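Heads up, the thing below is written out as structure tokens.
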Amino acid sequence: MPERAEIGRWIDQIPQPYTETDARAFLAGGTDAFARLAVTEARDGTVVGGVGVHRLDAPGVAEIGYWARAEVRGRGLTTRAAALAARWVIGAHGVERVQLRAEVQNTASRRVAEKAGFRLEGILRSADWSPRQQRRYDWAMYSLLPGDLESERNAS
Ligand SMILES: CC(C)(COP(=O)(O)OP(=O)(O)OC[C@H]1O[C@@H](n2cnc3c(N)ncnc32)[C@H](O)[C@@H]1OP(=O)(O)O)[C@@H](O)C(=O)NCCC(=O)NCCS
């Protein structure tokens with residue numbers, strides 16, 4: 001499966017095919033995000049991934065999502081980026097809950113969530129419909145709260 005299609009398989013919000021109009025609309029932004037961050041190679045600034053920190057309707061709640069180009073996967077880049085972004089939105093915006101939903105079968109994403117310090121709350125069964133895959137699926141729901149960072153600090 002081509003890389004773009006593979007990323008889109010897991011993230012229904014990314015239009016496919018992805019046109020220049022889609023890219024421009026994304027860059028124009030909106031009010032739904034605390035931040036839309038690029039993950040770049042330190043040596044030359046090449047964009048190799050992205051992390052979005054979105055606002056949810058519930059007060060004090062953010063949701064994080066991410067992707068990485070196939071050739072950089074497995075280096076821990078997304079884990080580091082997601083961990084930093086989650087801690088940033090708590091510190092800079094006073095967010096009380098950062099949540100992260102991964103399709104249950106998305107093992108790599110779930111591993112990132114765990115390594116970034118998120119806690120698994122449970123499985124939301126039959127929680128959404130994927131038009132691309134033409135099937136319903138389950139979400140693994142993770143969260144990180146400011147109090148979790150306290151216990152992290154105490155543990156180190
Ligand atoms: C999920 C994704 C962002 C991970 O990016 P990454 O930069 O490779 O992440 P990291 O290197 O920080 O960590 C990946 C972890 O998943 C593990 N992993 C990857 N594929 C796996 C698989 N098929 N089975 C088990 N573990 C897997 C890696 O071994 C690594 O864990 P480890 O450090 O314990 O070995 C990337 O795979 C991706 O873009 N996927 C498509 C888009 C997507 O699913 N986004 C998330 C939507 S919720």
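Numbering starts fresh at 1 for the residues of each chain in the structure tokens, the chains themselves are lettered A, B, ... in the order given, and ligands are numbered from 1 as they appear.
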Let me have all residues with an atom within 7 Å of ligand 1, counting only C-alpha atoms and all ligand atoms, laid out as a list of chain:residue names. A:Glu6, A:Ile7, A:Gly8, A:Trp10, A:Ile11, A:Gly65, A:Tyr66, A:Trp67, A:Ala68, A:Arg69, A:Ala70, A:Val72, A:Arg73, A:Gly74, A:Arg75, A:Gly76, A:Leu77, A:Thr78, A:Thr79, A:Arg80, A:Arg101, A:Ala102, A:Glu103, A:Asn106, A:Thr107, A:Ala108, A:Ser109, A:Arg111, A:Val112
Resulting file, chosen residues, C-alpha atoms, as a tab-separated table (two decimals), in the first residue's frame:
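Below is the file selection_15.tsv, written as the result:
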chain	number	residue	atom	x	y	z
A	6	GLU	CA	-1.44	3.70	4.50
A	7	ILE	CA	-1.51	6.83	6.68
A	8	GLY	CA	-5.01	7.64	5.44
A	10	TRP	CA	-5.64	4.93	9.98
A	11	ILE	CA	-6.69	8.59	9.87
A	65	GLY	CA	-2.93	12.68	16.76
A	66	TYR	CA	0.16	11.88	14.70
A	67	TRP	CA	1.73	10.33	11.62
A	68	ALA	CA	5.26	9.61	10.43
A	69	ARG	CA	6.76	8.90	7.03
A	70	ALA	CA	7.47	5.21	6.50
A	72	VAL	CA	11.70	7.21	9.60
A	73	ARG	CA	9.48	4.88	11.60
A	74	GLY	CA	10.85	2.92	14.51
A	75	ARG	CA	13.35	5.61	15.56
A	76	GLY	CA	11.21	6.89	18.41
A	77	LEU	CA	10.56	10.25	16.70
A	78	THR	CA	6.78	10.15	17.06
A	79	THR	CA	6.97	9.01	20.66
A	80	ARG	CA	9.22	11.94	21.50
A	101	ARG	CA	-7.66	7.50	20.34
A	102	ALA	CA	-6.09	4.71	18.33
A	103	GLU	CA	-7.89	2.08	16.38
A	106	ASN	CA	-3.18	0.04	15.18
A	107	THR	CA	-0.38	-1.55	17.20
A	108	ALA	CA	2.28	1.04	16.31
A	109	SER	CA	0.09	3.95	17.38
A	111	ARG	CA	2.78	1.58	21.36
A	112	VAL	CA	3.54	5.28	20.81
Please identify all polymer residues within 9 Å of Met141 in chain A, counting only C-alpha atoms, omitting same-chain residues fewer than 5 positions from it, and present them as a compact mmCIF listing (two decimals) with all heavy atoms, in the first residue's frame.
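So the final result, stored in around-v4.txt, reads:
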# COMPACT_ATOMS: atom_id res chain seq x y z
N GLN A 99 -6.29 13.52 25.48
CA GLN A 99 -6.71 12.18 25.12
C GLN A 99 -6.17 11.77 23.77
O GLN A 99 -5.77 12.62 22.96
CB GLN A 99 -8.23 12.02 25.19
CG GLN A 99 -9.00 12.71 24.11
CD GLN A 99 -10.50 12.39 24.21
OE1 GLN A 99 -11.08 12.41 25.29
NE2 GLN A 99 -11.11 12.11 23.08
N LEU A 100 -6.14 10.49 23.56
CA LEU A 100 -5.55 9.94 22.34
C LEU A 100 -6.35 8.69 21.98
O LEU A 100 -6.51 7.81 22.83
CB LEU A 100 -4.10 9.59 22.66
CG LEU A 100 -3.12 9.23 21.55
CD1 LEU A 100 -1.70 9.32 22.10
CD2 LEU A 100 -3.36 7.88 20.94
N ARG A 101 -6.90 8.67 20.78
CA ARG A 101 -7.66 7.50 20.34
C ARG A 101 -6.90 6.80 19.24
O ARG A 101 -6.49 7.44 18.28
CB ARG A 101 -9.03 7.92 19.79
CG ARG A 101 -10.03 8.32 20.83
CD ARG A 101 -11.29 8.84 20.19
NE ARG A 101 -11.05 10.06 19.43
CZ ARG A 101 -11.70 10.41 18.33
NH1 ARG A 101 -12.64 9.65 17.83
NH2 ARG A 101 -11.42 11.54 17.71
N ALA A 102 -6.72 5.51 19.39
CA ALA A 102 -6.09 4.71 18.33
C ALA A 102 -7.00 3.55 18.01
O ALA A 102 -7.58 2.95 18.93
CB ALA A 102 -4.72 4.19 18.78
N GLU A 103 -7.11 3.25 16.73
CA GLU A 103 -7.89 2.08 16.38
C GLU A 103 -7.23 0.87 17.08
O GLU A 103 -5.99 0.77 17.13
CB GLU A 103 -7.89 1.89 14.87
CG GLU A 103 -8.92 0.90 14.42
CD GLU A 103 -8.93 0.72 12.91
OE1 GLU A 103 -8.69 1.70 12.19
OE2 GLU A 103 -9.17 -0.41 12.48
N VAL A 104 -8.05 0.01 17.62
CA VAL A 104 -7.53 -1.11 18.43
C VAL A 104 -6.43 -1.88 17.69
O VAL A 104 -5.44 -2.29 18.29
CB VAL A 104 -8.69 -2.03 18.86
CG1 VAL A 104 -8.17 -3.37 19.35
CG2 VAL A 104 -9.51 -1.36 19.95
N ARG A 119 -2.09 6.64 29.53
CA ARG A 119 -2.66 5.46 30.17
C ARG A 119 -3.88 4.97 29.41
O ARG A 119 -4.73 5.78 29.01
CB ARG A 119 -3.09 5.79 31.60
CG ARG A 119 -1.91 6.20 32.46
CD ARG A 119 -2.31 6.29 33.91
NE ARG A 119 -1.22 6.89 34.66
CZ ARG A 119 -1.26 7.14 35.94
NH1 ARG A 119 -2.36 6.87 36.63
NH2 ARG A 119 -0.22 7.67 36.56
N LEU A 120 -3.97 3.68 29.25
CA LEU A 120 -5.12 3.09 28.59
C LEU A 120 -6.32 3.14 29.53
O LEU A 120 -6.25 2.65 30.67
CB LEU A 120 -4.83 1.64 28.19
CG LEU A 120 -5.98 0.89 27.53
CD1 LEU A 120 -6.35 1.51 26.17
CD2 LEU A 120 -5.62 -0.59 27.34
N GLU A 121 -7.42 3.75 29.06
CA GLU A 121 -8.63 3.82 29.89
C GLU A 121 -9.58 2.67 29.59
O GLU A 121 -10.34 2.22 30.43
CB GLU A 121 -9.36 5.13 29.63
CG GLU A 121 -8.54 6.33 30.04
CD GLU A 121 -9.27 7.64 29.76
OE1 GLU A 121 -10.07 7.69 28.81
OE2 GLU A 121 -9.01 8.60 30.49
N GLY A 122 -9.57 2.24 28.31
CA GLY A 122 -10.48 1.16 27.94
C GLY A 122 -10.70 1.16 26.44
O GLY A 122 -10.09 1.94 25.71
N ILE A 123 -11.59 0.30 26.01
CA ILE A 123 -11.88 0.14 24.59
C ILE A 123 -13.31 0.63 24.34
O ILE A 123 -14.25 0.18 25.02
CB ILE A 123 -11.77 -1.34 24.16
CG1 ILE A 123 -10.40 -1.93 24.52
CG2 ILE A 123 -12.05 -1.48 22.65
CD1 ILE A 123 -9.21 -1.24 23.89
N LEU A 124 -13.44 1.58 23.41
CA LEU A 124 -14.78 2.06 23.01
C LEU A 124 -15.26 1.16 21.86
O LEU A 124 -14.79 1.31 20.72
CB LEU A 124 -14.72 3.52 22.56
CG LEU A 124 -14.68 4.60 23.65
CD1 LEU A 124 -13.47 4.45 24.55
CD2 LEU A 124 -14.68 5.97 23.02
DSSP on the backbone, alpha helix (DSSP H) only: what residues of chain A does that give? Format it as a PyMOL selection string. chain A and resi 3-10+20-28+77-93+107-115+146-155
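Nearest to Phe118 in chain A of all the residues A:Asp138, A:Pro146, A:Thr40, A:Gly91 is A:Pro146, counting only C-alpha atoms.
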Closest of A:Ala127, A:Val95, A:Leu145, A:Ala85 to Ala38 in chain A - atom-to-atom distances counting only C-alpha atoms: A:Ala85
